Amino acid sequence: MLRPHELAILKNAGRQTPHGQALRRHWLPVLAASEVAEPDGPPVEVRVLNEALILFRDSSGRLGALDSYCPHEGASLKWGTNAEGGLACFIHGWKFDVEGNRVDSGAVHMRQVRTTSFPATAAGGRVWVYLGNPEVMPPAPR
Ligand code: FES
């Protein structure tokens with residue numbers, strides 16, 4: 001169990017802080033796997049290392065971890081609809097797959113829009129995410 005000052009250090013470990021950079025070199029447990037066990041189940045928002053993430057499991061059972069805020073106008077994706085291969089924003093319907101690609105049938109010139117996604121995996125009853133540099137990502141937990 002973390003003490004309050006230890007928890008505050010973790011919550012405020014932004015990308016530019018030395019401890020934030022050190023912690024981003026590791027896979028981090030962020031959620032019980034049972035909370036995103038169902039394909040097309042409701043998305044879950046978590047906050048870790050000063051980042052807001054949305055976790056969801058798509059129709060194929062793949063785990064996704066996206067930036068919590070829609071790249072269109074910043075609505076929270078925690079209110080989105082998870083169905084048919086992606087998570088759709090509740091405001092204008094932009095839909096993103098687990099890799100952050102826009103996959104709805106919106107205007108052609110806007111289909112290249114992506115949102116930030118992070119590697120995610122389930123192991124040991126937990127969902128783990130990696131928030132660091134993909135070029136030096138360690139092996140995923142098993
Ligand atoms: S704010 Fe998300 S689609 Fe417009």
# chains A, B, ... in the order shown; residues from 1 in each chain; ligands from 1

$ residues_near_ligand --ligand "ligand 1" --cutoff "9 Å" --atoms "only C-alpha atoms and all ligand atoms" --output "PyMOL selection string"
chain A and resi 69-77+80+88-95

$ write_last_selection --atoms "all heavy atoms" --output "short mmCIF file (atom, residue, chain, number, x, y, z; two decimals), in the first residue's frame"
data_model
loop_
_atom_site.label_atom_id
_atom_site.label_comp_id
_atom_site.auth_asym_id
_atom_site.auth_seq_id
_atom_site.Cartn_x
_atom_site.Cartn_y
_atom_site.Cartn_z
N TYR A 69 -8.67 11.74 -24.48
CA TYR A 69 -9.39 12.84 -25.10
C TYR A 69 -9.38 12.74 -26.62
O TYR A 69 -8.34 12.56 -27.24
CB TYR A 69 -8.81 14.18 -24.63
CG TYR A 69 -8.90 14.28 -23.13
CD1 TYR A 69 -7.79 14.10 -22.33
CD2 TYR A 69 -10.13 14.49 -22.52
CE1 TYR A 69 -7.89 14.15 -20.94
CE2 TYR A 69 -10.25 14.52 -21.14
CZ TYR A 69 -9.13 14.36 -20.37
OH TYR A 69 -9.23 14.38 -19.00
N CYS A 70 -10.55 12.87 -27.20
CA CYS A 70 -10.71 12.78 -28.64
C CYS A 70 -9.88 13.87 -29.34
O CYS A 70 -9.90 15.03 -28.93
CB CYS A 70 -12.20 12.96 -28.98
SG CYS A 70 -12.55 12.89 -30.74
N PRO A 71 -9.16 13.51 -30.41
CA PRO A 71 -8.34 14.51 -31.09
C PRO A 71 -9.17 15.53 -31.89
O PRO A 71 -8.62 16.51 -32.37
CB PRO A 71 -7.46 13.67 -32.03
CG PRO A 71 -8.24 12.43 -32.25
CD PRO A 71 -9.02 12.19 -30.98
N HIS A 72 -10.47 15.32 -32.01
CA HIS A 72 -11.29 16.27 -32.75
C HIS A 72 -11.53 17.53 -31.90
O HIS A 72 -10.93 18.56 -32.16
CB HIS A 72 -12.63 15.62 -33.16
CG HIS A 72 -13.50 16.52 -33.97
ND1 HIS A 72 -14.87 16.45 -33.91
CD2 HIS A 72 -13.21 17.51 -34.84
CE1 HIS A 72 -15.38 17.36 -34.73
NE2 HIS A 72 -14.39 18.01 -35.30
N GLU A 73 -12.34 17.41 -30.89
CA GLU A 73 -12.61 18.59 -30.05
C GLU A 73 -12.41 18.30 -28.57
O GLU A 73 -12.93 19.03 -27.72
CB GLU A 73 -14.02 19.12 -30.31
CG GLU A 73 -14.14 19.72 -31.70
CD GLU A 73 -15.49 20.33 -31.99
OE1 GLU A 73 -16.41 20.25 -31.13
OE2 GLU A 73 -15.65 20.87 -33.08
N GLY A 74 -11.73 17.23 -28.26
CA GLY A 74 -11.31 16.99 -26.88
C GLY A 74 -12.33 16.34 -25.97
O GLY A 74 -12.12 16.30 -24.75
N ALA A 75 -13.40 15.79 -26.51
CA ALA A 75 -14.37 15.11 -25.64
C ALA A 75 -13.73 13.87 -25.03
O ALA A 75 -12.82 13.27 -25.60
CB ALA A 75 -15.59 14.69 -26.46
N SER A 76 -14.20 13.49 -23.86
CA SER A 76 -13.67 12.30 -23.22
C SER A 76 -14.18 11.05 -23.92
O SER A 76 -15.39 10.88 -24.12
CB SER A 76 -14.07 12.25 -21.75
OG SER A 76 -13.63 11.02 -21.20
N LEU A 77 -13.28 10.16 -24.28
CA LEU A 77 -13.68 8.91 -24.93
C LEU A 77 -14.27 7.92 -23.94
O LEU A 77 -14.76 6.87 -24.34
CB LEU A 77 -12.49 8.28 -25.66
CG LEU A 77 -12.01 9.06 -26.90
CD1 LEU A 77 -10.74 8.45 -27.45
CD2 LEU A 77 -13.10 9.13 -27.96
N GLY A 80 -17.62 7.07 -24.89
CA GLY A 80 -17.76 6.55 -26.24
C GLY A 80 -18.43 5.19 -26.31
O GLY A 80 -18.65 4.53 -25.29
N ALA A 88 -16.02 4.68 -30.56
CA ALA A 88 -16.54 5.87 -31.23
C ALA A 88 -16.83 6.97 -30.22
O ALA A 88 -17.47 6.73 -29.19
CB ALA A 88 -17.81 5.53 -31.99
N CYS A 89 -16.36 8.16 -30.52
CA CYS A 89 -16.60 9.33 -29.67
C CYS A 89 -18.09 9.67 -29.66
O CYS A 89 -18.77 9.59 -30.68
CB CYS A 89 -15.80 10.50 -30.22
SG CYS A 89 -16.02 12.03 -29.29
N PHE A 90 -18.59 10.06 -28.51
CA PHE A 90 -20.03 10.30 -28.39
C PHE A 90 -20.48 11.63 -28.98
O PHE A 90 -21.67 11.84 -29.18
CB PHE A 90 -20.47 10.20 -26.92
CG PHE A 90 -20.17 11.41 -26.08
CD1 PHE A 90 -21.20 12.26 -25.70
CD2 PHE A 90 -18.89 11.71 -25.68
CE1 PHE A 90 -20.95 13.38 -24.93
CE2 PHE A 90 -18.63 12.83 -24.92
CZ PHE A 90 -19.66 13.67 -24.54
N ILE A 91 -19.53 12.52 -29.30
CA ILE A 91 -19.93 13.83 -29.82
C ILE A 91 -20.20 13.77 -31.33
O ILE A 91 -21.32 14.00 -31.78
CB ILE A 91 -18.85 14.90 -29.52
CG1 ILE A 91 -18.64 15.05 -28.01
CG2 ILE A 91 -19.23 16.24 -30.14
CD1 ILE A 91 -19.74 15.78 -27.29
N HIS A 92 -19.19 13.49 -32.13
CA HIS A 92 -19.36 13.49 -33.58
C HIS A 92 -19.12 12.13 -34.23
O HIS A 92 -19.16 12.02 -35.45
CB HIS A 92 -18.43 14.52 -34.23
CG HIS A 92 -18.58 15.90 -33.66
ND1 HIS A 92 -17.68 16.41 -32.75
CD2 HIS A 92 -19.53 16.85 -33.85
CE1 HIS A 92 -18.06 17.64 -32.41
NE2 HIS A 92 -19.19 17.93 -33.05
N GLY A 93 -18.81 11.13 -33.42
CA GLY A 93 -18.72 9.77 -33.93
C GLY A 93 -17.40 9.33 -34.51
O GLY A 93 -17.32 8.27 -35.11
N TRP A 94 -16.35 10.15 -34.38
CA TRP A 94 -15.06 9.66 -34.85
C TRP A 94 -14.74 8.38 -34.08
O TRP A 94 -14.90 8.31 -32.85
CB TRP A 94 -13.96 10.69 -34.60
CG TRP A 94 -14.00 11.87 -35.52
CD1 TRP A 94 -15.05 12.32 -36.27
CD2 TRP A 94 -12.92 12.77 -35.77
NE1 TRP A 94 -14.70 13.44 -36.97
CE2 TRP A 94 -13.38 13.74 -36.68
CE3 TRP A 94 -11.62 12.87 -35.32
CZ2 TRP A 94 -12.59 14.78 -37.13
CZ3 TRP A 94 -10.81 13.90 -35.77
CH2 TRP A 94 -11.30 14.84 -36.67
N LYS A 95 -14.26 7.38 -34.83
CA LYS A 95 -14.06 6.05 -34.23
C LYS A 95 -12.61 5.63 -34.41
O LYS A 95 -12.04 5.78 -35.49
CB LYS A 95 -15.00 5.07 -34.92
CG LYS A 95 -14.98 3.67 -34.37
CD LYS A 95 -16.06 2.87 -35.08
CE LYS A 95 -16.14 1.46 -34.60
NZ LYS A 95 -17.23 0.74 -35.26
#

$ residues_around --residues "Pro138 in chain A" --least-positions-apart "2" --cutoff "12 Å" --atoms "only C-alpha atoms" --output "PyMOL selection string"
chain A and resi 24-28+119+129-136+140-142

$ write_last_selection --atoms "N, CA, C and O atoms" --output "PDB file, in the first residue's frame"
ATOM      1  N   ARG A  24       8.518   5.392 -17.148  1.00  0.00           N
ATOM      2  CA  ARG A  24       8.048   5.097 -18.506  1.00  0.00           C
ATOM      3  C   ARG A  24       8.931   4.090 -19.228  1.00  0.00           C
ATOM      4  O   ARG A  24       8.661   3.722 -20.358  1.00  0.00           O
ATOM      5  N   ARG A  25       9.979   3.621 -18.596  1.00  0.00           N
ATOM      6  CA  ARG A  25      10.812   2.568 -19.206  1.00  0.00           C
ATOM      7  C   ARG A  25      10.284   1.183 -18.873  1.00  0.00           C
ATOM      8  O   ARG A  25      10.879   0.188 -19.253  1.00  0.00           O
ATOM      9  N   HIS A  26       9.164   1.118 -18.147  1.00  0.00           N
ATOM     10  CA  HIS A  26       8.631  -0.165 -17.690  1.00  0.00           C
ATOM     11  C   HIS A  26       7.158  -0.305 -18.071  1.00  0.00           C
ATOM     12  O   HIS A  26       6.444   0.692 -18.206  1.00  0.00           O
ATOM     13  N   TRP A  27       6.725  -1.558 -18.206  1.00  0.00           N
ATOM     14  CA  TRP A  27       5.289  -1.838 -18.313  1.00  0.00           C
ATOM     15  C   TRP A  27       4.685  -1.590 -16.935  1.00  0.00           C
ATOM     16  O   TRP A  27       5.273  -1.965 -15.908  1.00  0.00           O
ATOM     17  N   LEU A  28       3.509  -0.969 -16.902  1.00  0.00           N
ATOM     18  CA  LEU A  28       2.889  -0.603 -15.629  1.00  0.00           C
ATOM     19  C   LEU A  28       1.514  -1.268 -15.494  1.00  0.00           C
ATOM     20  O   LEU A  28       0.707  -1.211 -16.425  1.00  0.00           O
ATOM     21  N   PRO A 119       0.904   0.681 -26.171  1.00  0.00           N
ATOM     22  CA  PRO A 119       0.831  -0.781 -26.089  1.00  0.00           C
ATOM     23  C   PRO A 119       0.153  -1.206 -24.795  1.00  0.00           C
ATOM     24  O   PRO A 119       0.387  -0.616 -23.729  1.00  0.00           O
ATOM     25  N   VAL A 129       0.232  -1.376 -19.297  1.00  0.00           N
ATOM     26  CA  VAL A 129       0.463  -0.466 -20.421  1.00  0.00           C
ATOM     27  C   VAL A 129       1.919  -0.018 -20.398  1.00  0.00           C
ATOM     28  O   VAL A 129       2.576  -0.013 -19.358  1.00  0.00           O
ATOM     29  N   TYR A 130       2.370   0.348 -21.599  1.00  0.00           N
ATOM     30  CA  TYR A 130       3.732   0.882 -21.738  1.00  0.00           C
ATOM     31  C   TYR A 130       3.610   2.295 -22.281  1.00  0.00           C
ATOM     32  O   TYR A 130       3.068   2.504 -23.367  1.00  0.00           O
ATOM     33  N   LEU A 131       4.090   3.281 -21.536  1.00  0.00           N
ATOM     34  CA  LEU A 131       3.932   4.686 -21.905  1.00  0.00           C
ATOM     35  C   LEU A 131       5.217   5.310 -22.441  1.00  0.00           C
ATOM     36  O   LEU A 131       5.253   6.501 -22.719  1.00  0.00           O
ATOM     37  N   GLY A 132       6.260   4.506 -22.563  1.00  0.00           N
ATOM     38  CA  GLY A 132       7.561   5.067 -22.920  1.00  0.00           C
ATOM     39  C   GLY A 132       7.867   5.025 -24.408  1.00  0.00           C
ATOM     40  O   GLY A 132       6.994   4.804 -25.251  1.00  0.00           O
ATOM     41  N   ASN A 133       9.146   5.237 -24.713  1.00  0.00           N
ATOM     42  CA  ASN A 133       9.651   5.248 -26.078  1.00  0.00           C
ATOM     43  C   ASN A 133       9.501   3.845 -26.685  1.00  0.00           C
ATOM     44  O   ASN A 133      10.076   2.887 -26.172  1.00  0.00           O
ATOM     45  N   PRO A 134       8.770   3.706 -27.804  1.00  0.00           N
ATOM     46  CA  PRO A 134       8.566   2.375 -28.388  1.00  0.00           C
ATOM     47  C   PRO A 134       9.865   1.721 -28.851  1.00  0.00           C
ATOM     48  O   PRO A 134       9.956   0.502 -28.935  1.00  0.00           O
ATOM     49  N   GLU A 135      10.880   2.525 -29.148  1.00  0.00           N
ATOM     50  CA  GLU A 135      12.141   1.956 -29.640  1.00  0.00           C
ATOM     51  C   GLU A 135      12.904   1.195 -28.564  1.00  0.00           C
ATOM     52  O   GLU A 135      13.781   0.397 -28.890  1.00  0.00           O
ATOM     53  N   VAL A 136      12.608   1.445 -27.314  1.00  0.00           N
ATOM     54  CA  VAL A 136      13.318   0.751 -26.228  1.00  0.00           C
ATOM     55  C   VAL A 136      12.332   0.011 -25.332  1.00  0.00           C
ATOM     56  O   VAL A 136      12.618  -0.238 -24.158  1.00  0.00           O
ATOM     57  N   ALA A 140       6.881  -7.552 -23.103  1.00  0.00           N
ATOM     58  CA  ALA A 140       5.633  -7.427 -22.326  1.00  0.00           C
ATOM     59  C   ALA A 140       5.609  -8.458 -21.217  1.00  0.00           C
ATOM     60  O   ALA A 140       6.174  -9.542 -21.348  1.00  0.00           O
ATOM     61  N   PRO A 141       4.960  -8.136 -20.110  1.00  0.00           N
ATOM     62  CA  PRO A 141       4.835  -9.124 -19.024  1.00  0.00           C
ATOM     63  C   PRO A 141       4.055 -10.345 -19.502  1.00  0.00           C
ATOM     64  O   PRO A 141       3.197 -10.238 -20.364  1.00  0.00           O
ATOM     65  N   ARG A 142       4.386 -11.511 -18.922  1.00  0.00           N
ATOM     66  CA  ARG A 142       3.675 -12.735 -19.261  1.00  0.00           C
ATOM     67  C   ARG A 142       3.003 -13.291 -18.020  1.00  0.00           C
ATOM     68  O   ARG A 142       3.434 -13.072 -16.923  1.00  0.00           O
TER      69      ARG A 142
END

$ residues_around --residues "range 59-68 of chain A" --least-positions-apart "2" --cutoff "9 Å" --atoms "only C-alpha atoms" --output "PyMOL selection string"
chain A and resi 36-41+45-46+51-57+70-71+74-78+82-86+96-100+115-122+127+129

$ select_by_dssp --residues "chain A" --states "helix (DSSP H, G or I)" --output "list in words"
Pro4, His5, Glu6, Leu7, Ala8, Ile9, Leu10, Lys11, Pro18, His19, Gly20, Gln21, Ala22, Leu23, Ala33, Ser34, Glu35, Val36, Leu77, Lys78, Trp79, Val108, His109, Met110, Pro134, Glu135 and Val136 of chain A

$ atom_distance --atom1 "CA of Glu35 in chain A" --atom2 "CA of Arg47 in chain A"
14.8 Å

$ closest_residue --among "A:His5, A:Trp79, A:Gln16, A:Ala107" --to "Pro43 in chain A" --atoms "only C-alpha atoms"
A:Trp79

$ select_by_dssp --residues "range 55-86 of chain A" --states "strand (DSSP E or B)" --output "MDAnalysis selection string"
chainID A and resid 55:57 63:67 69 76 81:83 86

$ write_last_selection --atoms "all heavy atoms" --output "CSV table (one decimal), in the first residue's frame"
chain,number,residue,atom,x,y,z
A,55,LEU,N,-9.1,2.5,-21.6
A,55,LEU,CA,-8.8,1.1,-21.9
A,55,LEU,C,-10.1,0.5,-22.4
A,55,LEU,O,-11.2,0.7,-21.9
A,55,LEU,CB,-8.3,0.4,-20.7
A,55,LEU,CG,-7.0,1.0,-20.1
A,55,LEU,CD1,-6.6,0.3,-18.8
A,55,LEU,CD2,-5.9,0.9,-21.1
A,56,PHE,N,-10.0,-0.4,-23.4
A,56,PHE,CA,-11.1,-1.1,-23.9
A,56,PHE,C,-10.7,-2.3,-24.7
A,56,PHE,O,-9.5,-2.5,-25.0
A,56,PHE,CB,-12.0,-0.2,-24.9
A,56,PHE,CG,-11.3,0.2,-26.2
A,56,PHE,CD1,-11.7,-0.4,-27.4
A,56,PHE,CD2,-10.3,1.1,-26.2
A,56,PHE,CE1,-11.1,-0.1,-28.6
A,56,PHE,CE2,-9.7,1.5,-27.4
A,56,PHE,CZ,-10.1,0.9,-28.6
A,57,ARG,N,-11.6,-3.3,-24.8
A,57,ARG,CA,-11.3,-4.5,-25.6
A,57,ARG,C,-12.2,-4.5,-26.8
A,57,ARG,O,-13.4,-4.4,-26.6
A,57,ARG,CB,-11.5,-5.7,-24.7
A,57,ARG,CG,-10.9,-7.0,-25.2
A,57,ARG,CD,-11.1,-8.1,-24.3
A,57,ARG,NE,-10.2,-8.1,-23.1
A,57,ARG,CZ,-9.0,-8.6,-23.1
A,57,ARG,NH1,-8.5,-9.1,-24.1
A,57,ARG,NH2,-8.3,-8.5,-22.0
A,63,LEU,N,-6.8,-5.6,-26.8
A,63,LEU,CA,-6.8,-4.5,-25.8
A,63,LEU,C,-6.3,-3.2,-26.4
A,63,LEU,O,-5.4,-3.2,-27.2
A,63,LEU,CB,-5.9,-4.9,-24.6
A,63,LEU,CG,-6.5,-5.6,-23.5
A,63,LEU,CD1,-5.4,-6.0,-22.5
A,63,LEU,CD2,-7.6,-4.8,-22.8
A,64,GLY,N,-7.0,-2.1,-26.1
A,64,GLY,CA,-6.5,-0.8,-26.6
A,64,GLY,C,-6.3,0.1,-25.4
A,64,GLY,O,-7.1,0.0,-24.4
A,65,ALA,N,-5.3,1.0,-25.5
A,65,ALA,CA,-5.1,2.0,-24.5
A,65,ALA,C,-4.9,3.3,-25.3
A,65,ALA,O,-3.9,3.4,-26.0
A,65,ALA,CB,-3.9,1.7,-23.6
A,66,LEU,N,-5.9,4.2,-25.3
A,66,LEU,CA,-5.8,5.4,-26.0
A,66,LEU,C,-5.8,6.6,-25.1
A,66,LEU,O,-6.2,6.5,-24.0
A,66,LEU,CB,-7.1,5.6,-26.9
A,66,LEU,CG,-7.4,4.4,-27.9
A,66,LEU,CD1,-8.7,4.7,-28.7
A,66,LEU,CD2,-6.2,4.2,-28.8
A,67,ASP,N,-5.2,7.7,-25.7
A,67,ASP,CA,-5.4,9.0,-24.9
A,67,ASP,C,-6.9,9.2,-24.7
A,67,ASP,O,-7.7,9.0,-25.5
A,67,ASP,CB,-4.8,10.1,-25.8
A,67,ASP,CG,-4.8,11.5,-25.2
A,67,ASP,OD1,-5.6,11.7,-24.3
A,67,ASP,OD2,-4.1,12.3,-25.6
A,69,TYR,N,-8.7,11.7,-24.5
A,69,TYR,CA,-9.4,12.8,-25.1
A,69,TYR,C,-9.4,12.7,-26.6
A,69,TYR,O,-8.3,12.6,-27.2
A,69,TYR,CB,-8.8,14.2,-24.6
A,69,TYR,CG,-8.9,14.3,-23.1
A,69,TYR,CD1,-7.8,14.1,-22.3
A,69,TYR,CD2,-10.1,14.5,-22.5
A,69,TYR,CE1,-7.9,14.1,-20.9
A,69,TYR,CE2,-10.3,14.5,-21.1
A,69,TYR,CZ,-9.1,14.4,-20.4
A,69,TYR,OH,-9.2,14.4,-19.0
A,76,SER,N,-14.2,13.5,-23.9
A,76,SER,CA,-13.7,12.3,-23.2
A,76,SER,C,-14.2,11.0,-23.9
A,76,SER,O,-15.4,10.9,-24.1
A,76,SER,CB,-14.1,12.2,-21.8
A,76,SER,OG,-13.6,11.0,-21.2
A,81,THR,N,-18.7,4.8,-27.5
A,81,THR,CA,-19.4,3.5,-27.8
A,81,THR,C,-18.3,2.5,-28.3
A,81,THR,O,-17.7,2.8,-29.4
A,81,THR,CB,-20.5,3.6,-28.8
A,81,THR,OG1,-21.5,4.6,-28.3
A,81,THR,CG2,-21.2,2.3,-29.1
A,82,ASN,N,-18.2,1.4,-27.7
A,82,ASN,CA,-17.2,0.4,-28.1
A,82,ASN,C,-17.9,-0.7,-28.8
A,82,ASN,O,-18.6,-1.5,-28.2
A,82,ASN,CB,-16.5,-0.2,-26.9
A,82,ASN,CG,-15.4,-1.2,-27.2
A,82,ASN,OD1,-15.0,-1.3,-28.3
A,82,ASN,ND2,-15.1,-2.0,-26.2
A,83,ALA,N,-17.8,-0.7,-30.2
A,83,ALA,CA,-18.5,-1.7,-31.0
A,83,ALA,C,-17.9,-1.8,-32.3
A,83,ALA,O,-17.3,-0.9,-32.8
A,83,ALA,CB,-20.0,-1.3,-31.1
A,86,GLY,N,-13.9,-0.8,-32.8
A,86,GLY,CA,-13.4,0.4,-32.4
A,86,GLY,C,-14.2,1.2,-31.4
A,86,GLY,O,-15.3,0.8,-31.1

$ atom_distance --atom1 "CA of Val30 in chain A" --atom2 "CA of Lys11 in chain A"
12.2 Å

$ atom_distance --atom1 "CA of Trp128 in chain A" --atom2 "CA of Val113 in chain A"
25.6 Å

$ residues_around --residues "Ala13 in chain A" --least-positions-apart "5" --cutoff "12 Å" --atoms "only C-alpha atoms" --output "mmCIF file with C-alpha atoms, in the first residue's frame"
data_model
loop_
_atom_site.group_PDB
_atom_site.id
_atom_site.type_symbol
_atom_site.label_atom_id
_atom_site.label_comp_id
_atom_site.auth_asym_id
_atom_site.auth_seq_id
_atom_site.Cartn_x
_atom_site.Cartn_y
_atom_site.Cartn_z
ATOM 1 C CA GLU A 6 4.274 8.222 -2.543
ATOM 2 C CA LEU A 7 0.977 8.197 -4.414
ATOM 3 C CA ALA A 8 1.348 11.929 -5.151
ATOM 4 C CA PRO A 18 13.141 12.465 -14.066
ATOM 5 C CA HIS A 19 11.001 9.942 -12.175
ATOM 6 C CA GLY A 20 8.341 10.096 -14.916
ATOM 7 C CA GLN A 21 10.942 9.256 -17.533
ATOM 8 C CA ALA A 22 12.329 6.412 -15.402
ATOM 9 C CA LEU A 23 8.886 4.892 -14.790
ATOM 10 C CA ARG A 24 8.048 5.097 -18.506
ATOM 11 C CA ARG A 47 -5.000 7.918 -14.729
ATOM 12 C CA VAL A 48 -1.382 6.918 -14.455
ATOM 13 C CA LEU A 49 1.810 9.001 -14.464
ATOM 14 C CA ASN A 50 -0.151 12.177 -15.108
ATOM 15 C CA GLU A 51 -1.790 10.658 -18.227
ATOM 16 C CA LEU A 131 3.932 4.686 -21.905
#
